[in-house]
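File shown here: protein08.txt, holding compact mmCIF, C-alpha atoms.
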```
# COMPACT_ATOMS: atom_id res chain seq x y z
CA MET A 1 90.54 100.24 110.76
CA PRO A 2 88.40 98.17 108.37
CA GLY A 3 90.07 94.89 107.50
CA GLY A 4 92.10 94.58 110.70
CA ASN A 5 94.77 96.46 112.62
CA VAL A 6 97.49 95.67 110.06
CA ARG A 7 96.86 95.68 106.33
CA VAL A 8 99.37 94.74 103.62
CA MET A 9 98.68 95.97 100.10
CA VAL A 10 100.47 95.66 96.76
CA ARG A 11 100.51 98.10 93.87
CA VAL A 12 101.58 97.08 90.36
CA ARG A 13 102.95 99.89 88.22
CA PRO A 14 102.76 100.14 84.39
CA MET A 15 105.56 98.52 82.41
CA LEU A 16 108.47 100.58 81.18
CA PRO A 17 109.55 100.21 77.53
CA ARG A 18 112.73 98.33 78.48
CA GLU A 19 110.67 95.77 80.43
CA LEU A 20 108.66 94.62 77.42
CA SER A 21 111.44 92.17 76.56
CA TYR A 22 111.62 90.61 80.04
CA ASP A 23 110.62 86.98 80.39
CA ALA A 24 108.27 87.78 83.28
CA ALA A 25 104.84 89.30 83.91
CA VAL A 26 102.58 90.43 86.74
CA GLU A 27 98.81 90.00 86.69
CA VAL A 28 96.20 91.16 89.20
CA THR A 29 93.69 88.32 89.21
CA ASP A 30 91.41 89.58 92.00
CA PRO A 31 91.19 92.70 94.21
CA ASP A 32 93.29 90.81 96.78
CA LYS A 33 95.42 88.48 94.62
CA VAL A 34 98.42 88.91 92.33
CA LEU A 35 100.11 86.38 90.05
CA VAL A 36 103.76 86.66 88.97
CA TYR A 37 104.78 84.68 85.88
CA ARG A 38 108.36 83.70 85.18
CA SER A 39 109.83 81.47 82.50
CA ASN A 40 109.96 78.46 84.80
CA ALA A 41 107.44 79.17 87.57
CA GLU A 42 104.33 81.02 88.74
CA PHE A 43 103.84 82.69 92.12
CA LYS A 44 100.40 83.55 93.45
CA SER A 45 99.93 85.64 96.60
CA SER A 46 97.02 87.12 98.54
CA TYR A 47 97.01 90.49 100.32
CA SER A 48 94.58 92.86 101.99
CA HIS A 49 94.26 94.64 98.64
CA VAL A 50 96.03 94.66 95.27
CA PHE A 51 96.07 97.72 93.01
CA SER A 52 96.43 97.12 89.28
CA GLU A 53 98.63 99.21 87.01
CA HIS A 54 95.55 101.31 86.19
CA ALA A 55 94.92 102.37 89.81
CA LYS A 56 94.80 106.11 90.44
CA GLN A 57 96.50 107.91 93.32
CA GLU A 58 93.12 108.76 94.87
CA GLU A 59 92.10 105.09 94.78
CA VAL A 60 95.25 104.13 96.69
CA TYR A 61 94.75 106.87 99.27
CA GLN A 62 91.14 105.90 99.93
CA GLN A 63 92.32 102.47 101.07
CA VAL A 64 94.52 104.00 103.80
CA ARG A 65 92.43 107.07 104.65
CA ASP A 66 90.73 105.53 107.69
CA GLY A 67 94.10 104.84 109.27
CA VAL A 68 95.19 108.44 108.68
CA LEU A 69 92.10 109.97 110.27
CA SER A 70 92.15 107.57 113.22
CA ALA A 71 95.10 109.62 114.52
CA MET A 72 92.60 112.35 115.41
CA GLN A 73 90.87 109.85 117.70
CA GLY A 74 94.05 109.10 119.62
CA PHE A 75 95.18 106.01 117.71
CA ASN A 76 98.75 105.60 116.47
CA SER A 77 98.90 105.04 112.72
CA THR A 78 101.71 104.04 110.35
CA ILE A 79 101.82 103.88 106.55
CA MET A 80 104.99 102.37 105.07
CA ALA A 81 105.87 101.71 101.43
CA TYR A 82 108.54 99.17 100.50
CA GLY A 83 109.82 97.38 97.43
CA GLN A 84 112.66 97.07 94.94
CA THR A 85 114.16 100.27 93.58
CA GLY A 86 112.11 101.51 90.64
CA SER A 87 108.90 99.84 91.84
CA GLY A 88 107.14 103.17 92.46
CA LYS A 89 107.41 103.80 96.21
CA THR A 90 108.17 107.50 95.93
CA TYR A 91 105.46 107.98 93.32
CA THR A 92 102.88 106.29 95.55
CA MET A 93 103.87 108.12 98.72
CA MET A 94 104.72 111.57 97.33
CA GLY A 95 103.96 111.78 93.63
CA PRO A 96 106.09 112.08 90.46
CA HIS A 97 109.68 113.33 90.81
CA GLU A 98 108.86 116.51 88.89
CA LEU A 99 106.08 117.44 91.33
CA ASP A 100 106.88 120.55 93.36
CA LEU A 101 105.47 119.83 96.81
CA LEU A 102 105.00 123.53 97.47
CA THR A 103 102.48 123.69 94.63
CA ALA A 104 100.37 121.11 96.50
CA ARG A 105 99.72 123.53 99.36
CA ASP A 106 96.32 124.51 98.00
CA PRO A 107 94.66 121.53 96.25
CA GLU A 108 91.64 123.60 95.19
CA HIS A 109 93.79 126.05 93.21
CA MET A 110 96.32 123.71 91.58
CA LEU A 111 96.62 123.39 87.82
CA PRO A 112 93.98 121.04 86.35
CA GLY A 113 95.04 117.42 86.68
CA THR A 114 98.00 118.14 88.99
CA TRP A 115 96.28 117.00 92.19
CA ALA A 116 95.51 113.64 90.54
CA SER A 117 99.24 112.82 90.56
CA VAL A 118 99.80 113.75 94.22
CA GLY A 119 100.70 110.80 96.46
CA VAL A 120 99.53 109.45 99.80
CA VAL A 121 101.52 111.76 102.09
CA PRO A 122 100.30 115.15 100.78
CA ARG A 123 96.74 113.81 100.60
CA ALA A 124 96.97 112.49 104.16
CA LEU A 125 98.34 115.80 105.44
CA ALA A 126 95.61 117.75 103.66
CA ASP A 127 92.91 115.52 105.18
CA LEU A 128 94.48 115.59 108.63
CA PHE A 129 94.74 119.37 108.78
CA LYS A 130 91.15 119.77 107.60
CA LYS A 131 90.16 117.82 110.72
CA VAL A 132 92.56 119.85 112.89
CA ASP A 133 91.21 123.14 111.54
CA ALA A 134 87.62 121.98 112.12
CA VAL A 135 88.36 121.15 115.77
CA ARG A 136 90.06 124.51 116.26
CA GLN A 137 87.17 126.42 114.68
CA ARG A 138 84.63 124.69 116.91
CA GLY A 139 86.72 125.59 119.96
CA SER A 140 86.01 122.16 121.45
CA ALA A 141 89.70 121.39 121.91
CA ARG A 142 93.18 122.78 121.47
CA VAL A 143 95.33 120.88 118.98
CA LYS A 144 99.11 120.82 118.68
CA VAL A 145 100.90 119.07 115.80
CA VAL A 146 104.67 118.48 115.95
CA ALA A 147 106.66 117.08 113.02
CA SER A 148 110.03 115.40 112.54
CA TYR A 149 111.62 114.05 109.35
CA VAL A 150 114.52 111.58 109.28
CA GLU A 151 116.27 109.23 106.91
CA ILE A 152 117.98 105.90 107.58
CA HIS A 153 120.98 105.25 105.35
CA ASN A 154 123.51 102.44 105.78
CA ASN A 155 121.92 101.56 109.15
CA ARG A 156 122.41 105.07 110.53
CA MET A 157 119.74 107.68 111.22
CA TYR A 158 120.06 111.29 110.08
CA ASP A 159 117.90 114.35 110.68
CA LEU A 160 116.62 115.74 107.38
CA LEU A 161 115.58 119.04 108.95
CA GLN A 162 119.03 119.90 110.34
CA PRO A 163 121.35 117.34 108.75
CA TYR A 164 124.73 119.07 108.91
CA LYS A 165 127.24 119.29 111.71
CA LYS A 166 128.05 122.79 112.91
CA GLY A 167 131.08 124.52 111.45
CA MET A 168 131.46 122.21 108.46
CA GLY A 169 131.39 124.93 105.79
CA SER A 170 129.65 124.61 102.42
CA ARG A 171 127.39 121.70 101.51
CA ASP A 172 129.67 119.97 99.05
CA PRO A 173 127.78 116.90 97.73
CA TYR A 174 130.99 114.84 97.63
CA ASP A 175 131.41 114.77 101.40
CA VAL A 176 127.83 115.30 102.49
CA MET A 177 127.60 111.95 104.27
CA GLN A 178 130.77 112.64 106.26
CA ARG A 179 129.32 115.92 107.50
CA LYS A 180 125.89 114.64 108.45
CA ALA A 181 125.36 114.21 112.17
CA ALA A 182 124.05 110.71 112.91
CA LEU A 183 121.29 110.39 115.50
CA GLU A 184 121.22 107.87 118.32
CA ILE A 185 118.17 105.91 119.47
CA ARG A 186 117.90 105.59 123.25
CA GLU A 187 115.62 103.66 125.58
CA ASP A 188 114.28 105.24 128.75
CA ARG A 189 113.43 103.60 132.09
CA SER A 190 109.90 102.79 130.97
CA GLY A 191 111.18 100.87 127.94
CA SER A 192 110.09 103.51 125.42
CA THR A 193 112.50 104.53 122.67
CA HIS A 194 113.33 108.11 121.75
CA VAL A 195 115.88 110.13 119.78
CA PRO A 196 117.40 112.75 122.15
CA SER A 197 118.73 115.26 119.60
CA LEU A 198 115.99 114.90 116.99
CA PHE A 199 114.83 118.27 115.67
CA THR A 200 111.06 118.69 115.98
CA VAL A 201 108.93 121.54 114.66
CA GLU A 202 105.44 122.61 115.68
CA VAL A 203 103.46 122.82 112.44
CA PRO A 204 100.32 124.98 112.53
CA SER A 205 99.14 124.22 109.00
CA TYR A 206 99.22 121.91 106.00
CA SER A 207 101.41 124.29 103.99
CA THR A 208 103.98 124.44 106.81
CA VAL A 209 104.45 120.65 106.74
CA LEU A 210 104.89 120.68 102.95
CA GLN A 211 107.61 123.31 103.32
CA LEU A 212 109.41 121.05 105.81
CA LEU A 213 109.06 118.06 103.48
CA ALA A 214 110.47 120.04 100.57
CA LYS A 215 113.42 121.12 102.70
CA GLY A 216 114.03 117.59 104.00
CA ASN A 217 113.77 115.98 100.57
CA SER A 218 116.54 118.26 99.29
CA ASN A 219 118.82 116.69 101.92
CA ARG A 220 118.08 113.05 101.09
CA VAL A 221 120.59 110.62 99.62
CA VAL A 222 119.71 110.17 95.94
CA ARG A 223 121.80 108.61 93.20
CA HIS A 224 121.47 107.07 89.76
CA THR A 225 120.98 103.30 89.57
CA GLU A 226 120.48 100.97 86.64
CA MET A 227 116.82 100.62 87.63
CA ASN A 228 116.03 104.24 88.53
CA VAL A 229 117.68 107.54 87.55
CA ASN A 230 116.36 109.30 90.69
CA SER A 231 116.65 106.46 93.17
CA SER A 232 116.20 107.36 96.84
CA ARG A 233 118.95 105.42 98.58
CA SER A 234 117.57 105.86 102.09
CA HIS A 235 114.50 105.18 104.18
CA ALA A 236 112.60 108.42 104.85
CA ILE A 237 110.28 108.71 107.86
CA LEU A 238 107.91 111.61 108.51
CA GLN A 239 106.37 111.54 111.98
CA LEU A 240 103.60 113.73 113.35
CA LEU A 241 102.75 113.92 117.05
CA ILE A 242 99.17 115.13 117.52
CA GLU A 243 98.08 116.32 120.96
CA GLN A 244 94.56 117.46 121.84
CA TRP A 245 93.19 118.75 125.11
CA PRO A 246 89.73 120.11 125.95
CA GLY A 247 88.77 123.74 125.48
CA GLN A 248 91.31 126.29 126.73
CA ALA A 249 92.52 124.13 129.61
CA GLU A 250 96.12 124.54 130.71
CA GLY A 251 98.46 122.99 133.28
CA PRO A 252 97.31 119.88 135.20
CA ALA A 253 93.78 120.13 133.80
CA ALA A 254 95.10 120.04 130.26
CA ALA A 255 97.45 117.13 131.00
CA ALA A 256 94.61 115.10 132.50
CA GLY A 257 92.50 115.40 129.36
CA THR A 258 95.22 115.19 126.73
CA VAL A 259 94.79 112.76 123.82
CA SER A 260 98.06 111.98 122.00
CA SER A 261 98.76 109.97 118.88
CA HIS A 262 101.57 109.43 116.39
CA GLY A 263 101.11 109.40 112.66
CA VAL A 264 104.06 107.92 110.75
CA ASN A 265 104.64 107.83 106.99
CA GLY A 266 107.66 105.90 105.75
CA GLU A 267 109.23 105.11 102.40
CA ALA A 268 111.83 102.34 102.38
CA ALA A 269 114.63 102.30 99.82
CA GLY A 270 114.81 99.05 97.89
CA PRO A 271 117.83 97.00 96.79
CA ALA A 272 119.25 98.13 93.47
CA GLY A 273 121.26 95.02 92.59
CA MET A 274 118.45 92.48 92.34
CA PRO A 275 117.69 90.72 89.04
CA GLN A 276 115.32 92.66 86.78
CA THR A 277 112.15 90.60 86.91
CA GLY A 278 108.43 91.19 86.99
CA GLY A 279 108.79 91.61 90.73
CA SER A 280 110.30 95.09 90.27
CA ARG A 281 106.90 96.28 89.02
CA ALA A 282 105.20 95.54 92.34
CA GLY A 283 105.64 97.59 95.48
CA GLY A 284 104.10 97.01 98.89
CA MET A 285 102.36 99.10 101.51
CA VAL A 286 101.85 98.28 105.17
CA VAL A 287 99.13 100.17 107.07
CA ARG A 288 98.91 99.85 110.82
```
Taking this structure as input, can you express it in the form of structure tokens?
Amino acid sequence: MPGGNVRVMVRVRPMLPRELSYDAAVEVTDPDKVLVYRSNAEFKSSYSHVFSEHAKQEEVYQQVRDGVLSAMQGFNSTIMAYGQTGSGKTYTMMGPHELDLLTARDPEHMLPGTWASVGVVPRALADLFKKVDAVRQRGSARVKVVASYVEIHNNRMYDLLQPYKKGMGSRDPYDVMQRKAALEIREDRSGSTHVPSLFTVEVPSYSTVLQLLAKGNSNRVVRHTEMNVNSSRSHAILQLLIEQWPGQAEGPAAAAGTVSSHGVNGEAAGPAGMPQTGGSRAGGMVVR
């Protein structure tokens, strides 16, 4: 990936009306530097890249696109967004709250201007499946893509694709957390970690993944906070396992030529009780 194996980027969002009275400010001084002003101090930091409040979704995605497509070459790739609640993580990774992910299934036929608001994850999936479809059409390799979608809330992991324990009745929002089945992370003899009961789904197309995301997002922990009406109170992790093997090979021949990689997209929930400063306008991204 250009710029190194790990890149850390910052995005500054536009100010909200209530923030105009804050005694703090954020300024992007260079493409890789940001300056935070407070009443009694200034903080200047350097990153791999800094996006100003005028940056478009496409501009952000282009900075991480190489890492996304490297998964087709057998490299593991991770994109993670983090920051204080209200800093714009969900907007950057998915798009605005009112965006219906299912309408993003066909970018070429969306309403004018709608695709411009779509975040990193749908754009990455669209790009990735274009590459997958191209490989399949050429017949040079067989490609299998498997997806899982989890959330981490209060230091426990839950499956967003099958979150409820069997026999627990209706999905009453008041006791939803009590009825969710927590997952366990195990380590095997080789030292690798895995989640034994994690639900995985083979996804043949871009639209199939978006359907899974829409289903999983409806099961996430969301509540109102002082900083954000639709605050995601959990870390959400979408993982794709991509396996490729030559031609129509099967059995031992296929195993010998298999190329595997993991693509991970994560959005980390931020603390809601921190002081309201200029820092809440800046969110971070880590690309590996």
Take every atom of segment 130-143 of chain A listed in the file, pad by 4 Å on each side, and give me the axis-aligned box centre and edge lengths in Å, one decimal, as JSON.
```
{"center_x": 90.0, "center_y": 122.1, "center_z": 114.8, "size_x": 18.7, "size_y": 16.6, "size_z": 22.3}
```
Hey, what's within 9 Å of Phe199 of chain A if we count all atoms listed in the file and toss same-chain stuff fewer than 6 positions away? As a PDB file with C-alpha atoms, in the coordinates of the input, please?
```pdb
ATOM      1  CA  ALA A 147     106.660 117.080 113.020  1.00  0.00           C
ATOM      2  CA  SER A 148     110.030 115.400 112.540  1.00  0.00           C
ATOM      3  CA  TYR A 149     111.620 114.050 109.350  1.00  0.00           C
ATOM      4  CA  ASP A 159     117.900 114.350 110.680  1.00  0.00           C
ATOM      5  CA  LEU A 160     116.620 115.740 107.380  1.00  0.00           C
ATOM      6  CA  LEU A 161     115.580 119.040 108.950  1.00  0.00           C
ATOM      7  CA  GLN A 162     119.030 119.900 110.340  1.00  0.00           C
TER       8      GLN A 162
END
```
For this session: Might you pull out every residue within 10 Å of Ala55 of chain A, with all atoms listed in the file counted and same-chain residues fewer than 4 positions away left off, and present them as a ChimeraX atom specification?
Result: /A:11-14,50-51,59-60
Seminar exercise, completed: What separates atom CA of Thr90 of chain A and atom CA of Met15 of chain A is a distance of 16.4 Å
Problem set entry | Selection: 8 Å around Ala182 of chain A, all atoms listed in the file, excl. self and same-chain fewer than 6 positions, as a PyMOL selection string | chain A and resi 156-159
Exercise. What's the 6 Å shell around Gly95 of chain A, counting all atoms listed in the file, without same-chain residues fewer than 5 positions away, as number ranges by chain?
Worked result: A: 117-119
